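Undergrad: Could you have a look at this structure, given as C-alpha cells, before my questions?
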Amino acid sequence: MNKTKIMLLAGGLTAVSACKSTQTDTTATGMTTENRTAAVSSAEKEFDYPDTKKVDQVDNYFGTQVADPYRWLETHTEEVDEWIEEQNEVTFGYLNDIAFRDKIKARLTEIWNYPKYGAPFKEGGKYYFFKNNGLQNQSVLYVQESLEDEPKVFFDPNKLSEDGTVALTAFNFSEDGKYVAYGTSSGGSDWNTYHLMDATTGKKLDDQVEWVKFSSPSWYKDGFFYSRYDAPTEGNKLANKNEYHKVYYHKVGTPQSQDKLVYEDKAHALRNFYGQTTDDERFLVLNVSEGASGANALYYKDLQDPKATIKPIVENFENEYNVVDNFGDKLLVMTNKNAPRYRLVLVDPKKPQEQNWKTVVPENQNVITNVSTAGGRVIVTYMKDAASQVVVYDQSGKQLTTVELPAIGTVSGFNGEKEDKEVFFTFTSFTYPPTIYRYDIPNNKVSLFRKTEVNVDTEAFETKQVFYTSVDGTKVPMFIVHKKGLELNGDNPTLLYGYGGFNVSLTPSFSISNMLWLENGGVYAMPNLRGGGEYGEAWHKAGMTPNKQNVFDDFITAAEYLISEGYTSSEKLAVSGGSNGGLLVGAFMTQRPELAKVALPAVGVMDMLRFHKFTIGWAWVPEYGSSEDEAQFKNLYTFSPLHNIKEGVKYPATLVKTADHDDRVVPAHSFKFISELQEKGAPGNPYLIRVDVRAGHGAGKPTSLLIQEYADTWAFVYKNMGVNPYPENQ
C-alpha cells in the first residue's frame, strides 16, 4: 500500500445548583451516617481535597435511577479550569514533599539521554530516518543520499513550538518523492492539520488542510486523499461527538475550500472512512468502520477507469479486511473471515464474492500481526504466545524461509517497495533496547545495522513467561521481568500492567522508565488478558461485551498469582493501565480494593454509561456495549468504575492521570471518578488526580513532560509502598 508513516513517538459544562450529600442509610460496612461523616472529616484533615460541588442530576435507565452529581465537570468552563487548578495544587503539593522525587527525575533524565533511532526507509531514491539525540522533545527526521552519506536534517518538529507540544503525527511522500504531506497536532489533540512541503527544496507550501481526524494523507497523482469531519462548534471542540466522517481529495497548490468531496454517507453518522491508495496508485481502498473493535467493510475504486465509482467488496461489519497490496488487478487482503488468527487472500474486486477468493497464506496456529511486500516477497510477522516470528513467502504463497531474530521479543518494520532488495526492521524486548537490523531479501541475510547503547546494565535482568489459571479455568500468559537472583520473599515492589481490549496485543518492548523500576529491585509483570489479540479474534471476543468481566478476572487473578508465588504482597503491589487499561485499573480497584496498595489509572474510560456521548466514544460500543440497550446497561453498570465506588471503603492509594486536551477519552471521565473517590473513599490513602496541561491522550507528548510524569508516578508509588529507592535522601 501507499505507506503512510503514522507517528506515535514517545522515545495517547452547564452546572445546576449545588447540593450536599444527605444520605442517611447504613452501608455494607455497617458505618452510620455519623461515623461516615467522622471518617470523611478525618480524611479531610489528612488530605485537604478541593470542595467539589454536586448537582441534582439523576438519570433513569430502564427503571434504575442513577445519580450523576458531577455532570458539570463534562464541559469546558472557567469553573472547571479552576477546579483543575485546585486539584493540581493538592496533587503537586503532595508530590513536591516526596524527598526522593528529584533524585528519581535526575536518574530518569540521565538514562533517558541516549540516541534513539528509527529504521531507515526509502522515498524518491533517498533514505530517511528519525532520530532523537536523547532529550529532544520530538524526534527529528533526517535524510541521506545513501547509507554512507552524512545525514542532514530534513524536518525538525521541535521548531513547531517552544514547549514541544506541537507534534508530527503523520507524513507521506508523493510517489516521485517531490512532495511530502505531513500532519501536526497541538497539545496532544486528535485534531490534525495537514501541510505540504517541497521535498527537494525543503520549502513549506501554502497548502493547509484542517479538521482532519483518524486519517492519513494518501497520494494520487498531484494531490492526496484524506478524511475529516466538519469543523466543530466553537467552545467544546475537544468533547463534541464526532459524526459524518467524509473523504476528500486535495490538489497541491489549491485552498482547502476547493477540495473535492470523494465519499460521504449521510445515512450513517457513525461510520468512519479510512482511505489509502495502492503503491502503484491503481486503486483507492476505503476501510469503513462502525466501531473501534476492528471489524470493517471494504470499498474500492479503480483509479485507472475515469468512469469508475466507489463500490463495495464487503458490505457487512462482521470481520476484518485490510488490503496489504495489489498484484495487478487483484488485491492482497489480510482477513480473519473464517480464520480467527488471520489469513492472506487474493481478491478480484470485480468478482468480490468469497467463493472467488484465492488463499495465498492460510491460517495456522499463530496469529498474523503484520504483512509487508517488498522485493517480490510477502513478509509475514506472526505472534506466538505474544512474541514475534517472521516468515517469508513468494507471491504465490510458497514458504521460502524464516527470518532469524536475536531473541524472544517484538519486531516492527519490513516496509519497502516492490523493487527494493533490502528492508529494515526494529527488534526490541523488555531488556533489549530497540535495535535496527538490515534484511537482505534475495540472500535472506540479517545483519546488525544500528545498535542502541543505554546507560543501564540490561544484562542484570531476566524475563520469564508464566501461564496462570483465571477464574473460569482459562490459561493466561504473563511476562515477569526482574533482577537476576530475585528472592521470592513476598516483599518485592511489583508493578502489574495491563490493557485487555480492542484486539490490542501487549508484546515485549523496551521502556526506559521501567528500567528505573527494575534497577531498584522492582518486579514488572504484564499479563496478556482476554480482550487483546494475542490469540486471535476468539481471544478478543472473550473479553468483549457481554464478556468484559473476564478481562477484570484475568487481571485480578494475575495479582493473586504474583502474591501466592511470593513475588510480592498486597502492600507492595501497584496496578497500572491507560485508556481501556484505565478502565481495567478502575474496575480492579473497585472490585478488589484490598488486593493492591497503589492504583494508577491513566486517561481511563470510567463512566461506562455516558462514554459514547463524547468525541469518538461511540466507536467503542461494539467493544463495551451501550447504556441505551437494557441488557447492555445492566452489564455496564456492574463494572463501571465511576458507579461502583462505595462509601467508607479504603481504596488503594490512587493517582489518576489525565490531560486537559485529551479528546479521545475526554478528561471528564477522570474528573468525575476522582470526585467520587475523594468524597466516598475511606481515609488512610491519598486519592489524587494529576492533570497535564497542553497535553492529550499520550501521542506526541514531549520528552520533558514524559520524564516529569514518570518521575511523579514512581515517586507516588514508592512513597505509598513505604520504599525509598535512594535511602541516602533520608
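Here, A, B, ... name the chains of the C-alpha cells in the order displayed, residue numbers run from 1 inside each chain, and ligands are numbered from 1 in the same displayed order.
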Could you write out, as a VMD selection string, all the residues of range 287-509 of chain A that DSSP marks as helix (DSSP H, G or I)?
TA: chain A and resid 354 to 356 458 to 460
Undergrad: Write out as a VMD selection string which residues come within 12 Å of Arg107 in chain A when counting only C-alpha atoms, dropping same-chain ones fewer than 6 positions away.
TA: chain A and resid 100 to 101 113 455 to 456 512 to 513 515 to 517 519 to 520 707 to 708 710 to 711 714 725 to 726
Undergrad: Neighbouring residues of range 578-590 of chain A were defined as those with any atom within 9 Å, considering only C-alpha atoms; residues of the same chain fewer than 5 positions away were excluded. Please report them as a ChimeraX atom specification.
TA: /A:12,497-502,551-553,555-556,595-596,599-608,639-642,644-646,651-652,656-657,664-665,673,697
Undergrad: Within 8 Å of Arg377 in chain A, counting only C-alpha atoms, which residues qualify if same-chain residues fewer than 5 places away don't, as a list in words?
TA: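 Answer for this query is Val392, Tyr393, Asp394, Gln395 and Ile441 of chain A.
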Undergrad: Set the distance at 10 Å and use only C-alpha atoms: which residues neighbour Asn547 in chain A once local chain neighbours fewer than 3 positions away are removed? I'd like the list as a list of chain:residue names.
TA: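 Residues meeting the cut-off are A:Arg530, A:Gly531, A:His540, A:Lys541, A:Ala542, A:Gly543, A:Met544, A:Asn550, A:Val551, A:Phe552, A:Glu623, A:Tyr624, A:Asn635.
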Undergrad: Quick one: everything within 6 Å of Leu298 in chain A, counting only C-alpha atoms, minus sequence neighbours fewer than 2 positions away in the same chain. Send it as a list in words.
TA: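 Once the nearby chain positions are removed, what remains is Leu286, Asn287, Val288, Ile313 and Val314 of chain A.
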Undergrad: Would you give me, as a PyMOL selection string, the residues in range 158-360 of chain A that DSSP reads as strand (DSSP E or B)?
TA: chain A and resi 166-173+179-186+192-198+204-212+218-220+223-228+246-251+260-263+272-277+283-289+296-302+311-314+321-327+330-335+343-347+358-360
Undergrad: What is the distance, in Å and to one decimal place, between CA of Ile408 in chain A and CA of Leu135 in chain A?
TA: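 Taking CA of Ile408 in chain A as the start and CA of Leu135 in chain A as the end point, the length is 28.7 Å.
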Undergrad: Would you pick out the contacts of Phe614 in chain A at 12 Å or less, using only C-alpha atoms, so that residues sharing its chain but fewer than 3 positions from it are not included, and give the list as a short mmCIF file (atom, residue, chain, number, x, y, z; two decimals) with N, CA and C atoms, in the first residue's frame?
TA:
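For reference, out.cif as written:
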data_model
loop_
_atom_site.label_atom_id
_atom_site.label_comp_id
_atom_site.auth_asym_id
_atom_site.auth_seq_id
_atom_site.Cartn_x
_atom_site.Cartn_y
_atom_site.Cartn_z
N GLU A 74 -18.26 17.80 32.86
CA GLU A 74 -18.15 17.28 31.50
C GLU A 74 -17.87 18.35 30.46
N THR A 75 -18.08 19.61 30.80
CA THR A 75 -17.87 20.66 29.80
C THR A 75 -16.70 21.56 30.21
N ASN A 236 -16.31 23.83 22.48
CA ASN A 236 -16.20 22.49 23.05
C ASN A 236 -15.69 21.51 22.00
N LYS A 237 -14.70 21.94 21.23
CA LYS A 237 -14.22 21.10 20.14
C LYS A 237 -13.49 19.86 20.62
N LEU A 238 -13.12 19.82 21.91
CA LEU A 238 -12.42 18.66 22.44
C LEU A 238 -13.37 17.63 23.05
N ALA A 239 -14.67 17.92 23.05
CA ALA A 239 -15.62 16.98 23.64
C ALA A 239 -16.78 16.64 22.72
N ASN A 240 -17.07 17.49 21.75
CA ASN A 240 -18.23 17.26 20.88
C ASN A 240 -18.15 15.91 20.18
N LYS A 241 -19.29 15.28 20.02
CA LYS A 241 -19.38 13.99 19.34
C LYS A 241 -18.96 14.13 17.88
N ASN A 242 -18.12 13.22 17.41
CA ASN A 242 -17.63 13.25 16.03
C ASN A 242 -18.56 12.43 15.14
N GLU A 243 -19.18 13.10 14.16
CA GLU A 243 -20.13 12.44 13.28
C GLU A 243 -19.89 12.83 11.83
N VAL A 605 -11.44 5.12 30.72
CA VAL A 605 -12.87 5.18 30.44
C VAL A 605 -13.59 4.76 31.72
N ASP A 607 -16.68 6.29 33.10
CA ASP A 607 -18.14 6.40 33.10
C ASP A 607 -18.66 5.56 31.94
N MET A 608 -19.03 4.32 32.24
CA MET A 608 -19.43 3.39 31.19
C MET A 608 -20.86 3.63 30.71
N LEU A 609 -21.55 4.56 31.32
CA LEU A 609 -22.92 4.84 30.90
C LEU A 609 -22.99 6.00 29.92
N ARG A 610 -21.95 6.83 29.85
CA ARG A 610 -22.00 8.03 29.00
C ARG A 610 -20.80 8.17 28.06
N PHE A 611 -19.94 7.18 28.00
CA PHE A 611 -18.73 7.31 27.18
C PHE A 611 -19.04 7.56 25.71
N GLY A 617 -16.18 8.34 21.23
CA GLY A 617 -16.59 7.30 22.17
C GLY A 617 -17.63 6.34 21.61
N TRP A 618 -18.48 6.82 20.69
CA TRP A 618 -19.49 5.94 20.11
C TRP A 618 -18.88 4.72 19.42
N ALA A 619 -17.61 4.86 18.98
CA ALA A 619 -16.96 3.76 18.27
C ALA A 619 -16.62 2.60 19.18
N TRP A 620 -16.71 2.81 20.49
CA TRP A 620 -16.36 1.75 21.44
C TRP A 620 -17.55 0.89 21.83
N ASP A 662 -7.17 15.97 26.09
CA ASP A 662 -7.48 14.61 25.65
C ASP A 662 -8.87 14.59 25.02
N ASP A 663 -8.92 14.46 23.69
CA ASP A 663 -10.21 14.37 23.03
C ASP A 663 -10.46 12.96 22.48
N ARG A 664 -9.73 11.99 23.01
CA ARG A 664 -10.03 10.59 22.74
C ARG A 664 -10.90 10.06 23.87
N VAL A 665 -10.32 9.98 25.08
CA VAL A 665 -11.10 9.70 26.30
C VAL A 665 -11.15 11.02 27.05
N VAL A 666 -12.26 11.74 26.92
CA VAL A 666 -12.33 13.09 27.48
C VAL A 666 -12.04 13.06 28.98
N PRO A 667 -11.35 14.08 29.50
CA PRO A 667 -10.91 14.05 30.90
C PRO A 667 -12.05 14.04 31.91
N ALA A 668 -13.28 14.32 31.46
CA ALA A 668 -14.42 14.27 32.38
C ALA A 668 -14.54 12.91 33.05
N HIS A 669 -14.14 11.84 32.35
CA HIS A 669 -14.15 10.50 32.96
C HIS A 669 -13.33 10.51 34.25
#
Undergrad: Which residue out of A:Lys572, A:Lys650, A:Thr335, A:Ala559 has the minimum interatomic distance to Pro593 in chain A when only C-alpha atoms are used?
TA: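 Nearest to Pro593 in chain A: A:Lys650.
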Undergrad: Nearest residue to Glu162 in chain A out of A:Pro69, A:Ser704, A:Asn192, A:Ser470, using only C-alpha atoms?
TA: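 With only C-alpha atoms as the atom set, the closest residue is A:Ser704.
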Undergrad: One decimal, in Å: what's the spacing between CA of Val360 in chain A and CA of Val446 in chain A?
TA: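 Separating CA of Val360 in chain A from CA of Val446 in chain A is a distance of 25.0 Å.
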Undergrad: Report, in Å with one decimal, the straight-line distance from CA of Gly533 in chain A to CA of Ser505 in chain A.
TA: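 It comes out at 4.9 Å.
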Undergrad: Closest to Gly473 in chain A among A:Thr557, A:Thr545, A:Gln57, A:Ser189, using only C-alpha atoms?
TA: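 Distance minimum relative to Gly473 in chain A lands on A:Thr557.
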Undergrad: When distances are computed from only C-alpha atoms, which of A:Glu145, A:Glu110, A:Asp279, A:Asp48 shows the smallest separation from Gly328 in chain A?
TA: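 Of all the options, A:Asp279 lies closest to Gly328 in chain A.
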